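target.cif follows (mmCIF, C-alpha atoms):
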data_work
#
loop_
_atom_site.label_atom_id
_atom_site.label_comp_id
_atom_site.auth_asym_id
_atom_site.auth_seq_id
_atom_site.Cartn_x
_atom_site.Cartn_y
_atom_site.Cartn_z
CA MET A 19 27.93 7.19 12.89
CA PRO A 20 25.23 9.07 10.94
CA HIS A 21 21.70 8.73 12.17
CA THR A 22 20.12 5.43 11.03
CA SER A 23 16.45 5.95 11.75
CA ASP A 24 13.76 5.90 9.11
CA PRO A 25 13.03 9.09 7.11
CA PRO A 26 11.01 11.67 9.11
CA LYS A 27 7.23 11.64 8.87
CA PRO A 28 5.69 14.49 6.91
CA PRO A 29 3.01 15.54 9.46
CA GLY A 30 4.24 17.59 12.41
CA ALA A 31 7.85 17.74 11.24
CA SER A 32 7.89 20.39 8.53
CA LYS A 33 11.62 21.18 8.64
CA GLN A 34 12.59 17.54 8.60
CA TRP A 35 10.14 16.79 5.81
CA ARG A 36 11.31 19.63 3.60
CA ALA A 37 14.95 18.65 4.04
CA TRP A 38 14.18 14.97 3.37
CA MET A 39 12.36 15.91 0.17
CA LEU A 40 15.38 17.90 -0.97
CA LEU A 41 17.66 14.98 -0.24
CA VAL A 42 15.86 12.24 -2.12
CA CYS A 43 14.91 14.47 -5.04
CA ALA A 44 18.50 15.49 -5.72
CA PRO A 45 19.73 13.68 -8.86
CA LEU A 46 22.53 11.18 -8.46
CA PHE A 47 24.82 10.56 -11.40
CA LEU A 48 26.05 7.01 -11.06
CA SER A 49 27.35 4.44 -13.54
CA VAL A 50 27.28 0.71 -12.91
CA SER A 51 28.85 -2.60 -13.88
CA LEU A 52 27.83 -6.08 -12.69
CA PRO A 53 28.76 -9.67 -13.51
CA PRO A 54 26.99 -11.40 -16.42
CA PRO A 55 23.35 -12.35 -15.64
CA SER A 56 21.92 -15.83 -15.37
CA ALA A 57 19.18 -17.19 -17.62
CA CYS A 58 15.62 -16.16 -16.87
CA ALA A 59 13.51 -18.49 -14.75
CA GLN A 60 9.86 -19.32 -14.22
CA ALA A 61 7.74 -17.62 -11.55
CA GLY A 62 8.93 -18.30 -8.03
CA ALA A 63 12.60 -18.58 -9.09
CA ALA A 64 15.23 -15.87 -9.37
CA GLY A 65 15.51 -15.11 -12.39
CA ALA A 66 23.01 -3.17 -30.39
CA GLY A 67 22.77 0.06 -31.43
CA SER A 68 24.98 3.12 -31.09
CA GLU A 69 26.00 4.71 -27.79
CA GLN A 70 24.17 7.88 -26.85
CA GLN A 71 25.60 9.91 -24.00
CA ARG A 72 23.99 12.54 -21.82
CA GLN A 73 25.76 15.27 -19.88
CA PRO A 74 24.75 15.30 -16.20
CA ARG A 75 23.25 18.47 -14.79
CA PRO A 76 24.92 20.05 -11.74
CA ALA A 77 23.05 19.39 -8.49
CA PRO A 78 22.81 21.84 -5.60
CA GLY A 79 23.82 21.00 -2.05
CA VAL A 80 21.01 19.91 0.27
CA GLU A 81 20.34 19.69 3.99
CA MET A 82 18.92 16.78 5.98
CA LEU A 83 17.66 17.02 9.55
CA ASP A 84 17.38 14.08 11.91
CA GLU A 85 15.49 14.12 15.20
CA ASP A 86 18.27 15.86 17.12
CA ASP A 87 20.78 17.42 14.76
CA VAL A 88 21.11 19.38 11.55
CA LEU A 89 23.53 17.73 9.12
CA ARG A 90 25.04 19.58 6.16
CA ILE A 91 25.22 17.18 3.24
CA ASP A 92 25.38 17.23 -0.56
CA THR A 93 24.57 15.03 -3.52
CA ASP A 94 27.58 12.76 -2.91
CA LEU A 95 25.17 10.50 -1.02
CA VAL A 96 25.11 7.11 -2.78
CA LEU A 97 21.92 5.02 -2.90
CA VAL A 98 21.87 1.23 -3.35
CA GLU A 99 18.68 -0.81 -3.77
CA VAL A 100 18.89 -4.26 -2.18
CA LYS A 101 16.62 -7.31 -2.44
CA VAL A 102 16.98 -9.69 0.54
CA THR A 103 15.79 -13.30 0.32
CA GLY A 104 15.79 -16.28 2.63
CA ALA A 105 16.86 -19.86 1.96
CA ASP A 106 13.46 -20.49 0.33
CA GLY A 107 14.03 -17.65 -2.13
CA ARG A 108 11.22 -15.51 -0.72
CA PRO A 109 11.72 -11.82 0.14
CA VAL A 110 12.61 -10.94 3.74
CA SER A 111 11.10 -7.81 5.27
CA GLY A 112 11.53 -6.01 8.59
CA LEU A 113 15.32 -5.49 8.47
CA ARG A 114 16.91 -2.30 9.82
CA ALA A 115 20.15 -0.42 9.17
CA GLU A 116 22.06 -2.33 11.83
CA ASP A 117 21.21 -5.63 10.08
CA PHE A 118 23.27 -4.69 7.02
CA LYS A 119 26.95 -4.17 6.37
CA LEU A 120 28.06 -1.99 3.48
CA TYR A 121 31.57 -1.92 2.01
CA GLU A 122 33.10 0.60 -0.35
CA ASP A 123 36.31 -0.57 -2.02
CA GLY A 124 36.45 -3.31 0.62
CA VAL A 125 36.21 -0.93 3.60
CA GLU A 126 33.06 -0.92 5.76
CA ARG A 127 31.18 2.40 5.70
CA PRO A 128 28.51 3.71 8.05
CA ILE A 129 24.98 3.48 6.62
CA ALA A 130 23.34 6.91 6.57
CA PHE A 131 19.81 5.55 6.37
CA VAL A 132 17.70 2.61 5.22
CA ASN A 133 14.38 3.28 3.50
CA VAL A 134 12.22 0.53 5.00
CA GLU A 135 9.38 -1.25 3.24
CA ARG A 136 6.80 -0.14 5.80
CA ARG A 137 6.74 2.97 7.99
CA GLY A 138 3.98 3.83 10.44
CA GLY A 139 1.74 1.22 8.84
CA ALA A 140 2.22 2.68 5.35
CA GLU A 141 3.81 0.49 2.67
CA ARG A 142 6.37 1.82 0.22
CA PRO A 143 4.64 3.39 -2.82
CA VAL A 144 5.39 2.19 -6.35
CA ALA A 145 5.21 3.55 -9.90
CA VAL A 146 5.30 0.98 -12.72
CA VAL A 147 5.48 1.37 -16.50
CA PHE A 148 4.32 -1.69 -18.45
CA ALA A 149 6.10 -1.84 -21.82
CA VAL A 150 4.44 -4.46 -24.06
CA ASP A 151 5.90 -5.82 -27.30
CA VAL A 152 3.45 -5.50 -30.23
CA SER A 153 6.02 -6.26 -32.94
CA GLY A 154 3.95 -9.02 -34.49
CA SER A 155 5.80 -11.95 -32.93
CA MET A 156 3.47 -11.91 -29.91
CA THR A 157 0.50 -14.20 -30.57
CA ALA A 158 -3.14 -13.22 -30.04
CA GLU A 159 -3.52 -15.95 -27.41
CA GLU A 160 -0.54 -14.59 -25.49
CA MET A 161 -2.02 -11.10 -25.52
CA ILE A 162 -5.34 -12.35 -24.12
CA ARG A 163 -3.63 -14.21 -21.29
CA LEU A 164 -1.37 -11.24 -20.70
CA ARG A 165 -4.37 -8.92 -20.21
CA SER A 166 -5.59 -11.09 -17.34
CA ALA A 167 -2.08 -11.39 -15.86
CA LEU A 168 -1.51 -7.62 -15.86
CA GLY A 169 -4.80 -7.28 -14.01
CA ALA A 170 -3.57 -9.72 -11.36
CA PHE A 171 -0.30 -7.79 -11.04
CA SER A 172 -1.99 -4.40 -10.66
CA GLN A 173 -4.49 -5.81 -8.14
CA LYS A 174 -1.72 -7.15 -5.90
CA VAL A 175 0.41 -4.02 -6.15
CA SER A 176 -2.62 -1.77 -5.54
CA GLU A 177 -2.70 -2.97 -1.95
CA ARG A 178 -0.22 -0.09 -1.44
CA PRO A 179 -0.04 3.43 -2.95
CA ALA A 180 0.53 2.59 -6.63
CA THR A 181 0.33 4.20 -10.04
CA PHE A 182 0.70 2.59 -13.46
CA ALA A 183 1.41 3.62 -17.05
CA LEU A 184 1.11 1.49 -20.19
CA MET A 185 3.08 1.71 -23.41
CA SER A 186 3.54 -0.50 -26.47
CA PHE A 187 6.61 -0.87 -28.63
CA GLY A 188 7.67 -2.34 -31.94
CA THR A 189 9.46 -0.08 -34.36
CA SER A 190 8.53 2.82 -32.09
CA ALA A 191 7.09 3.29 -28.61
CA LYS A 192 3.62 4.67 -27.86
CA VAL A 193 2.11 5.63 -24.50
CA HIS A 194 -1.46 4.29 -24.25
CA GLN A 195 -2.10 5.31 -20.65
CA SER A 196 -0.24 7.91 -18.62
CA PHE A 197 0.19 7.29 -14.90
CA THR A 198 -3.06 6.39 -13.18
CA SER A 199 -4.17 4.60 -10.02
CA ASN A 200 -7.43 3.59 -11.72
CA ARG A 201 -7.15 -0.08 -12.67
CA GLU A 202 -10.22 0.15 -14.93
CA LYS A 203 -8.54 2.82 -17.04
CA LEU A 204 -5.45 0.60 -17.27
CA SER A 205 -7.57 -2.32 -18.45
CA ARG A 206 -9.33 -0.25 -21.11
CA SER A 207 -6.03 1.06 -22.42
CA PHE A 208 -4.77 -2.53 -22.77
CA GLU A 209 -7.82 -3.32 -24.90
CA ARG A 210 -6.70 -0.60 -27.31
CA LEU A 211 -3.12 -1.86 -27.23
CA MET A 212 -4.21 -5.38 -28.26
CA ARG A 213 -5.42 -4.05 -31.60
CA GLU A 214 -2.02 -2.69 -32.59
CA ALA A 215 0.74 -4.28 -34.69
CA GLU A 216 4.14 -2.82 -35.48
CA GLY A 217 5.78 -5.16 -37.99
CA LEU A 218 8.95 -7.16 -37.42
CA SER A 219 11.26 -4.72 -35.59
CA THR A 220 11.41 -4.92 -31.81
CA HIS A 221 13.10 -1.79 -30.42
CA THR A 222 13.20 -3.03 -26.84
CA TYR A 223 16.07 -0.94 -25.46
CA ASP A 224 14.68 2.20 -27.11
CA ALA A 225 11.32 1.51 -25.44
CA VAL A 226 12.88 0.94 -22.01
CA ASP A 227 14.77 4.20 -22.37
CA ASP A 228 11.47 5.97 -23.15
CA ALA A 229 9.86 4.33 -20.09
CA ILE A 230 12.73 5.51 -17.87
CA ARG A 231 12.23 9.06 -19.12
CA LEU A 232 8.50 8.78 -18.45
CA LEU A 233 9.19 7.77 -14.84
CA ALA A 234 11.79 10.49 -14.37
CA ARG A 235 9.37 13.16 -15.61
CA HIS A 236 6.12 12.07 -13.99
CA ALA A 237 6.90 9.82 -11.00
CA PRO A 238 8.58 11.91 -8.24
CA ARG A 239 11.28 10.25 -6.16
CA THR A 240 9.19 10.49 -2.97
CA ARG A 241 5.59 9.99 -1.97
CA ALA A 242 4.04 10.01 1.50
CA GLY A 243 7.44 10.39 3.14
CA GLN A 244 9.00 7.36 1.45
CA LEU A 245 11.23 6.81 -1.54
CA LEU A 246 9.08 5.78 -4.49
CA LYS A 247 9.90 2.41 -6.03
CA ARG A 248 10.17 3.07 -9.79
CA ALA A 249 10.05 0.08 -12.14
CA VAL A 250 9.68 -0.86 -15.80
CA VAL A 251 8.08 -4.24 -16.61
CA VAL A 252 9.01 -5.28 -20.15
CA VAL A 253 6.85 -7.99 -21.75
CA THR A 254 8.41 -9.33 -24.94
CA ASP A 255 9.68 -12.35 -26.86
CA GLY A 256 13.20 -11.50 -25.70
CA PHE A 257 14.74 -10.72 -29.08
CA PRO A 258 15.49 -6.98 -29.54
CA VAL A 259 15.93 -5.89 -33.17
CA GLY A 260 16.87 -2.52 -34.64
CA ASP A 261 17.52 -0.49 -31.48
CA THR A 262 19.27 2.86 -31.78
CA ILE A 263 20.51 2.85 -28.18
CA SER A 264 22.81 0.33 -26.52
CA PRO A 265 21.97 -1.81 -23.47
CA ARG A 266 24.87 -0.24 -21.55
CA THR A 267 23.48 3.28 -22.00
CA VAL A 268 19.99 2.18 -20.94
CA ILE A 269 21.41 0.53 -17.81
CA GLU A 270 23.33 3.69 -16.91
CA ARG A 271 20.25 5.86 -17.34
CA ALA A 272 18.10 3.46 -15.32
CA ASN A 273 20.52 3.55 -12.40
CA GLU A 274 20.84 7.32 -12.63
CA ALA A 275 17.04 7.57 -12.27
CA ASN A 276 16.77 4.78 -9.64
CA VAL A 277 14.63 2.65 -11.97
CA SER A 278 14.63 -1.17 -11.84
CA VAL A 279 13.83 -3.12 -15.01
CA TYR A 280 12.01 -6.47 -14.93
CA THR A 281 11.64 -8.60 -18.05
CA VAL A 282 8.93 -11.15 -18.79
CA THR A 283 9.73 -13.34 -21.79
CA LEU A 284 6.68 -14.94 -23.38
CA PRO A 285 6.99 -18.23 -25.34
CA SER A 286 6.43 -16.74 -28.80
CA PHE A 287 9.56 -18.49 -30.04
CA SER A 288 10.76 -21.88 -28.88
CA ARG A 289 13.52 -21.52 -26.30
CA LEU A 290 13.54 -25.15 -25.22
CA LEU A 291 16.30 -27.66 -25.72
CA ALA A 292 15.17 -30.02 -28.45
CA SER A 293 17.46 -33.00 -27.91
CA ALA A 294 15.63 -36.12 -26.79
CA GLY A 295 15.98 -37.11 -23.18
CA THR A 296 17.34 -33.70 -22.16
CA LYS A 297 15.63 -31.78 -19.39
CA ARG A 298 13.80 -28.93 -21.06
CA GLU A 299 14.71 -25.56 -19.62
CA PRO A 300 14.39 -22.02 -20.96
CA LEU A 301 17.44 -20.78 -22.80
CA PRO A 302 18.72 -17.24 -22.18
CA THR A 303 17.61 -14.71 -24.78
CA PRO A 304 19.70 -11.75 -25.97
CA LEU A 305 17.67 -9.56 -23.62
CA ASP A 306 18.66 -11.77 -20.67
CA VAL A 307 22.33 -11.80 -21.66
CA SER A 308 22.48 -7.99 -21.86
CA GLY A 309 22.15 -7.81 -18.07
CA LEU A 310 19.39 -5.19 -18.32
CA ALA A 311 17.44 -6.67 -15.41
CA GLU A 312 20.24 -7.71 -13.05
CA LYS A 313 22.25 -4.52 -13.49
CA THR A 314 19.28 -2.36 -12.55
CA GLY A 315 18.16 -4.42 -9.56
CA GLY A 316 15.37 -6.18 -11.46
CA ASN A 317 14.94 -9.78 -12.54
CA ASN A 318 14.18 -11.96 -15.58
CA PHE A 319 11.05 -14.11 -15.71
CA CYS A 320 10.10 -16.70 -18.35
CA ALA A 321 6.47 -17.57 -19.03
CA THR A 322 6.20 -21.18 -20.18
CA ALA A 323 2.71 -22.08 -18.93
CA GLU A 324 -0.69 -21.15 -20.30
CA ASP A 325 -1.64 -19.34 -17.09
CA TYR A 326 0.53 -16.24 -16.63
CA GLU A 327 -1.19 -14.99 -13.49
CA PRO A 328 0.98 -16.85 -10.91
CA LEU A 329 4.10 -15.50 -12.63
CA PHE A 330 2.83 -11.91 -12.52
CA ARG A 331 1.78 -12.21 -8.88
CA ALA A 332 5.32 -13.40 -8.07
CA LEU A 333 6.66 -10.50 -10.11
CA ALA A 334 4.49 -8.07 -8.12
CA GLU A 335 5.95 -9.41 -4.88
CA GLU A 336 9.46 -9.01 -6.30
CA VAL A 337 8.87 -5.40 -7.37
CA THR A 338 7.52 -4.34 -3.98
CA SER A 339 10.13 -5.87 -1.66
CA THR A 340 13.42 -3.97 -1.81
CA TYR A 341 15.41 -1.87 0.64
CA VAL A 342 17.24 1.36 -0.16
CA LEU A 343 20.57 1.89 1.63
CA ALA A 344 22.48 5.18 1.55
CA PHE A 345 26.05 6.06 2.51
CA TYR A 346 28.59 8.85 2.15
CA PRO A 347 31.91 8.10 0.46
CA PRO A 348 34.98 9.48 2.24
CA GLU A 349 35.84 13.05 1.32
CA GLU A 350 38.83 12.14 -0.83
CA LYS A 351 36.69 9.89 -3.09
CA ARG A 352 33.68 12.13 -3.60
CA ARG A 353 35.13 14.04 -6.56
CA ASP A 354 37.91 11.93 -7.97
CA GLY A 355 35.96 10.94 -11.10
CA ARG A 356 36.71 7.23 -10.57
CA PHE A 357 34.71 4.05 -10.18
CA HIS A 358 34.47 2.55 -6.69
CA THR A 359 33.06 -0.83 -5.70
CA VAL A 360 30.06 -1.25 -3.40
CA ARG A 361 29.09 -4.47 -1.65
CA VAL A 362 26.17 -5.08 0.73
CA GLU A 363 25.97 -7.97 3.18
CA ALA A 364 22.71 -9.16 4.73
CA PRO A 365 22.49 -11.09 8.03
CA ARG A 366 23.87 -14.63 8.06
CA GLY A 367 21.63 -17.10 6.24
CA LEU A 368 20.08 -14.43 4.00
CA SER A 369 21.04 -13.43 0.46
CA ALA A 370 21.33 -9.83 -0.75
CA ARG A 371 21.06 -8.81 -4.41
CA GLN A 372 21.92 -5.18 -5.12
CA ASN A 373 21.18 -3.04 -8.16
CA ARG A 374 24.75 -1.80 -8.51
CA ASN A 375 28.17 -2.96 -7.40
CA GLU A 376 29.99 0.17 -8.55
CA TYR A 377 29.44 3.90 -8.55
CA LYS A 378 31.33 6.66 -10.27
CA SER A 379 32.07 9.78 -8.26
CA ARG A 380 31.76 13.23 -9.74
CA GLU A 381 34.61 14.75 -11.68
CA PRO A 382 37.02 17.08 -9.79
#

So, in terms of structure tokens, how does the structure I just supplied come out?
Amino acid sequence: MPHTSDPPKPPGASKQWRAWMLLVCAPLFLSVSLPPPSACAQAGAAGAGSEQQRQPRPAPGVEMLDEDDVLRIDTDLVLVEVKVTGADGRPVSGLRAEDFKLYEDGVERPIAFVNVERRGGAERPVAVVFAVDVSGSMTAEEMIRLRSALGAFSQKVSERPATFALMSFGTSAKVHQSFTSNREKLSRSFERLMREAEGLSTHTYDAVDDAIRLLARHAPRTRAGQLLKRAVVVVTDGFPVGDTISPRTVIERANEANVSVYTVTLPSFSRLLASAGTKREPLPTPLDVSGLAEKTGGNNFCATAEDYEPLFRALAEEVTSTYVLAFYPPEEKRRDGRFHTVRVEAPRGLSARQNRNEYKSREP
């Protein structure tokens, strides 16, 4: 079985570190498909356009060293992000490779490595792009509460190595703050964002695609010897209008770049059941139904209260608590150009939610 220890530390292990950097920086060209998503939920609970295709770039072979051996590998390594929760729905940390089982096309495969949440006292670093809807349907009161909530999110996430970018979207997307670890700069850029309005169009999928590209260009796959958690947090009314890119293409690009998308739907429009005597619950929006969050390993959240801060603190915990599992497909499947299923099992009594349940191997 391949070595299952954590990635090598950068200090004092230069060969291992260089090889590890080559491994995790190599692009992986994967396509995904998952079951339909559920409706978004409140904090604490789980919860159009033309196709545009891109041609993948060829990736060179890489080498990874473990503590004892030198292993010749290539970019056929498949990564799967997994969120593990207990019966109470809260994230579970501290699991190791031997705690998981991974199946490809129904056959158990050895796990090459697990990127753990904490290594040597250092927590997994994160890079987050906030994409905020300024289409005109977001109310001024919502924007004021949102400013405070984003501050609570960044404060909680900043307990670890973290960097943030801020963009707005309506008819088009605009970057207000490039990646920074300075929370004051993030706050000032949100002040500028609050003064913008973009009319009636809400190009949500176009904006998420731009955010993915921003992460791919400026947030490297590794930092401090760990895989970087890359995420887009979309804050919107949940009703995309006028996009030029399809949800399916955005999902494919997100998984190719190892980016998880989280959506926060604000109550700009009524999404409550109106019939008398019926329990009022949020209804799924078109953004929820697209599967954008679930199919990228993210989640949908609905804000229905005046105080958004508890929701965003729960969202911060969600973003920062995932595992990354890696495995090698058998030789005969690495270049057959077909889709293959992937399923991850957590220990008994725990639930595992993965960002993909399929991958497509490279063409022959």

Convert the output of the PyMOL selection byres ((chain A and resi 191) around 12) on the shown file into explicit residues, formatted as a compact mmCIF listing (two decimals) with C-alpha atoms, keeping the file's coordinate frame.
# COMPACT_ATOMS: atom_id res chain seq x y z
CA PHE A 148 4.32 -1.69 -18.45
CA ALA A 149 6.10 -1.84 -21.82
CA VAL A 150 4.44 -4.46 -24.06
CA ASP A 151 5.90 -5.82 -27.30
CA VAL A 152 3.45 -5.50 -30.23
CA SER A 153 6.02 -6.26 -32.94
CA LEU A 184 1.11 1.49 -20.19
CA MET A 185 3.08 1.71 -23.41
CA SER A 186 3.54 -0.50 -26.47
CA PHE A 187 6.61 -0.87 -28.63
CA GLY A 188 7.67 -2.34 -31.94
CA THR A 189 9.46 -0.08 -34.36
CA SER A 190 8.53 2.82 -32.09
CA LYS A 192 3.62 4.67 -27.86
CA VAL A 193 2.11 5.63 -24.50
CA HIS A 194 -1.46 4.29 -24.25
CA LEU A 211 -3.12 -1.86 -27.23
CA GLU A 214 -2.02 -2.69 -32.59
CA ALA A 215 0.74 -4.28 -34.69
CA GLU A 216 4.14 -2.82 -35.48
CA SER A 219 11.26 -4.72 -35.59
CA THR A 220 11.41 -4.92 -31.81
CA HIS A 221 13.10 -1.79 -30.42
CA THR A 222 13.20 -3.03 -26.84
CA TYR A 223 16.07 -0.94 -25.46
CA ASP A 224 14.68 2.20 -27.11
CA ALA A 225 11.32 1.51 -25.44
CA VAL A 226 12.88 0.94 -22.01
CA ASP A 227 14.77 4.20 -22.37
CA ASP A 228 11.47 5.97 -23.15
CA ALA A 229 9.86 4.33 -20.09
CA LEU A 232 8.50 8.78 -18.45
CA ASP A 261 17.52 -0.49 -31.48

With the PyMOL selection byres ((chain A and resi 180) around 9) as the selection, what would be picked from this file? Answer as a ChimeraX atom specification, please. /A:143-146,172,175-179,181-182,198-199

Near-Tyr326 (chain A) list (12 Å; all atoms listed in the file; drop same-chain fewer than 2 positions) as a VMD selection string: chain A and resid 60 to 61 159 to 171 253 282 to 285 319 to 324 328 to 333

Check what the PyMOL selection byres ((chain A and resi 99-110) around 10) selects in the file above and give those residues as a PyMOL selection string. chain A and resi 62-64+97-98+111-113+132-133+247+273+276-278+314-316+332+335-344+362-374

Restricting it to C-alpha atoms, dump the selection as a PDB file, in the frame of the given file.
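result.pdb, freshly written:
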ATOM      1  CA  GLY A  62       8.930 -18.300  -8.030  1.00  0.00           C
ATOM      2  CA  ALA A  63      12.600 -18.580  -9.090  1.00  0.00           C
ATOM      3  CA  ALA A  64      15.230 -15.870  -9.370  1.00  0.00           C
ATOM      4  CA  LEU A  97      21.920   5.020  -2.900  1.00  0.00           C
ATOM      5  CA  VAL A  98      21.870   1.230  -3.350  1.00  0.00           C
ATOM      6  CA  SER A 111      11.100  -7.810   5.270  1.00  0.00           C
ATOM      7  CA  GLY A 112      11.530  -6.010   8.590  1.00  0.00           C
ATOM      8  CA  LEU A 113      15.320  -5.490   8.470  1.00  0.00           C
ATOM      9  CA  VAL A 132      17.700   2.610   5.220  1.00  0.00           C
ATOM     10  CA  ASN A 133      14.380   3.280   3.500  1.00  0.00           C
ATOM     11  CA  LYS A 247       9.900   2.410  -6.030  1.00  0.00           C
ATOM     12  CA  ASN A 273      20.520   3.550 -12.400  1.00  0.00           C
ATOM     13  CA  ASN A 276      16.770   4.780  -9.640  1.00  0.00           C
ATOM     14  CA  VAL A 277      14.630   2.650 -11.970  1.00  0.00           C
ATOM     15  CA  SER A 278      14.630  -1.170 -11.840  1.00  0.00           C
ATOM     16  CA  THR A 314      19.280  -2.360 -12.550  1.00  0.00           C
ATOM     17  CA  GLY A 315      18.160  -4.420  -9.560  1.00  0.00           C
ATOM     18  CA  GLY A 316      15.370  -6.180 -11.460  1.00  0.00           C
ATOM     19  CA  ALA A 332       5.320 -13.400  -8.070  1.00  0.00           C
ATOM     20  CA  GLU A 335       5.950  -9.410  -4.880  1.00  0.00           C
ATOM     21  CA  GLU A 336       9.460  -9.010  -6.300  1.00  0.00           C
ATOM     22  CA  VAL A 337       8.870  -5.400  -7.370  1.00  0.00           C
ATOM     23  CA  THR A 338       7.520  -4.340  -3.980  1.00  0.00           C
ATOM     24  CA  SER A 339      10.130  -5.870  -1.660  1.00  0.00           C
ATOM     25  CA  THR A 340      13.420  -3.970  -1.810  1.00  0.00           C
ATOM     26  CA  TYR A 341      15.410  -1.870   0.640  1.00  0.00           C
ATOM     27  CA  VAL A 342      17.240   1.360  -0.160  1.00  0.00           C
ATOM     28  CA  LEU A 343      20.570   1.890   1.630  1.00  0.00           C
ATOM     29  CA  ALA A 344      22.480   5.180   1.550  1.00  0.00           C
ATOM     30  CA  VAL A 362      26.170  -5.080   0.730  1.00  0.00           C
ATOM     31  CA  GLU A 363      25.970  -7.970   3.180  1.00  0.00           C
ATOM     32  CA  ALA A 364      22.710  -9.160   4.730  1.00  0.00           C
ATOM     33  CA  PRO A 365      22.490 -11.090   8.030  1.00  0.00           C
ATOM     34  CA  ARG A 366      23.870 -14.630   8.060  1.00  0.00           C
ATOM     35  CA  GLY A 367      21.630 -17.100   6.240  1.00  0.00           C
ATOM     36  CA  LEU A 368      20.080 -14.430   4.000  1.00  0.00           C
ATOM     37  CA  SER A 369      21.040 -13.430   0.460  1.00  0.00           C
ATOM     38  CA  ALA A 370      21.330  -9.830  -0.750  1.00  0.00           C
ATOM     39  CA  ARG A 371      21.060  -8.810  -4.410  1.00  0.00           C
ATOM     40  CA  GLN A 372      21.920  -5.180  -5.120  1.00  0.00           C
ATOM     41  CA  ASN A 373      21.180  -3.040  -8.160  1.00  0.00           C
ATOM     42  CA  ARG A 374      24.750  -1.800  -8.510  1.00  0.00           C
TER      43      ARG A 374
END

Please compute the CA of Met212 (chain A)-CA of Leu246 (chain A) distance, one decimal, in Å. 29.4 Å

Give me, please, the distance in Å between CA of Arg271 (chain A) and CA of Asn317 (chain A), quoted to one decimal. 17.2 Å

Report the distance between CA of Arg241 (chain A) and CA of Phe197 (chain A) in Å, rounded to one decimal place. 14.3 Å

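Minimum atom-to-atom distances from A:Ile129, A:Leu120, A:Ala249, A:Leu233 to Phe345 (chain A) were compared using all atoms listed in the file, and the lowest value belongs to A:Ile129.
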
As lines of an AutoDock Vina configuration file: centre and edge lengths in Å, one decimal, of the axis-aligned box holding region 222-230 of chain A with 3 Å per side:
center_x = 13.0
center_y = 1.5
center_z = -22.5
size_x = 12.2
size_y = 15.0
size_z = 15.2

Looking at all atoms listed in the file, which of A:Val125, A:Asp354, A:Thr281, A:Thr359 is the one that sits closest to Glu381 (chain A)?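 Smallest distance to Glu381 (chain A) is found for A:Asp354.
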
Using only C-alpha atoms, pick whichever of A:Glu350, A:Arg380, A:Arg231, A:Pro302 has the shortest atom-to-atom distance to Phe257 (chain A).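 Of A:Glu350, A:Arg380, A:Arg231, A:Pro302, the one nearest Phe257 (chain A), counting only C-alpha atoms, is A:Pro302.
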
Would you please work out which residue, of A:Glu327, A:Glu274, A:Asp255, A:Glu202, is nearest to Val96 (chain A) when using only C-alpha atoms?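 For Val96 (chain A), the nearest of the given residues is A:Glu274.
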
Extract, using all atoms listed in the file, all DNA, RNA and protein residues at most 8 Å from Pro304 (chain A), discarding same-chain residues fewer than 3 positions from it, and format them as a list of chain:residue names. A:Gly256, A:Phe257, A:Pro258, A:Val307, A:Ser308
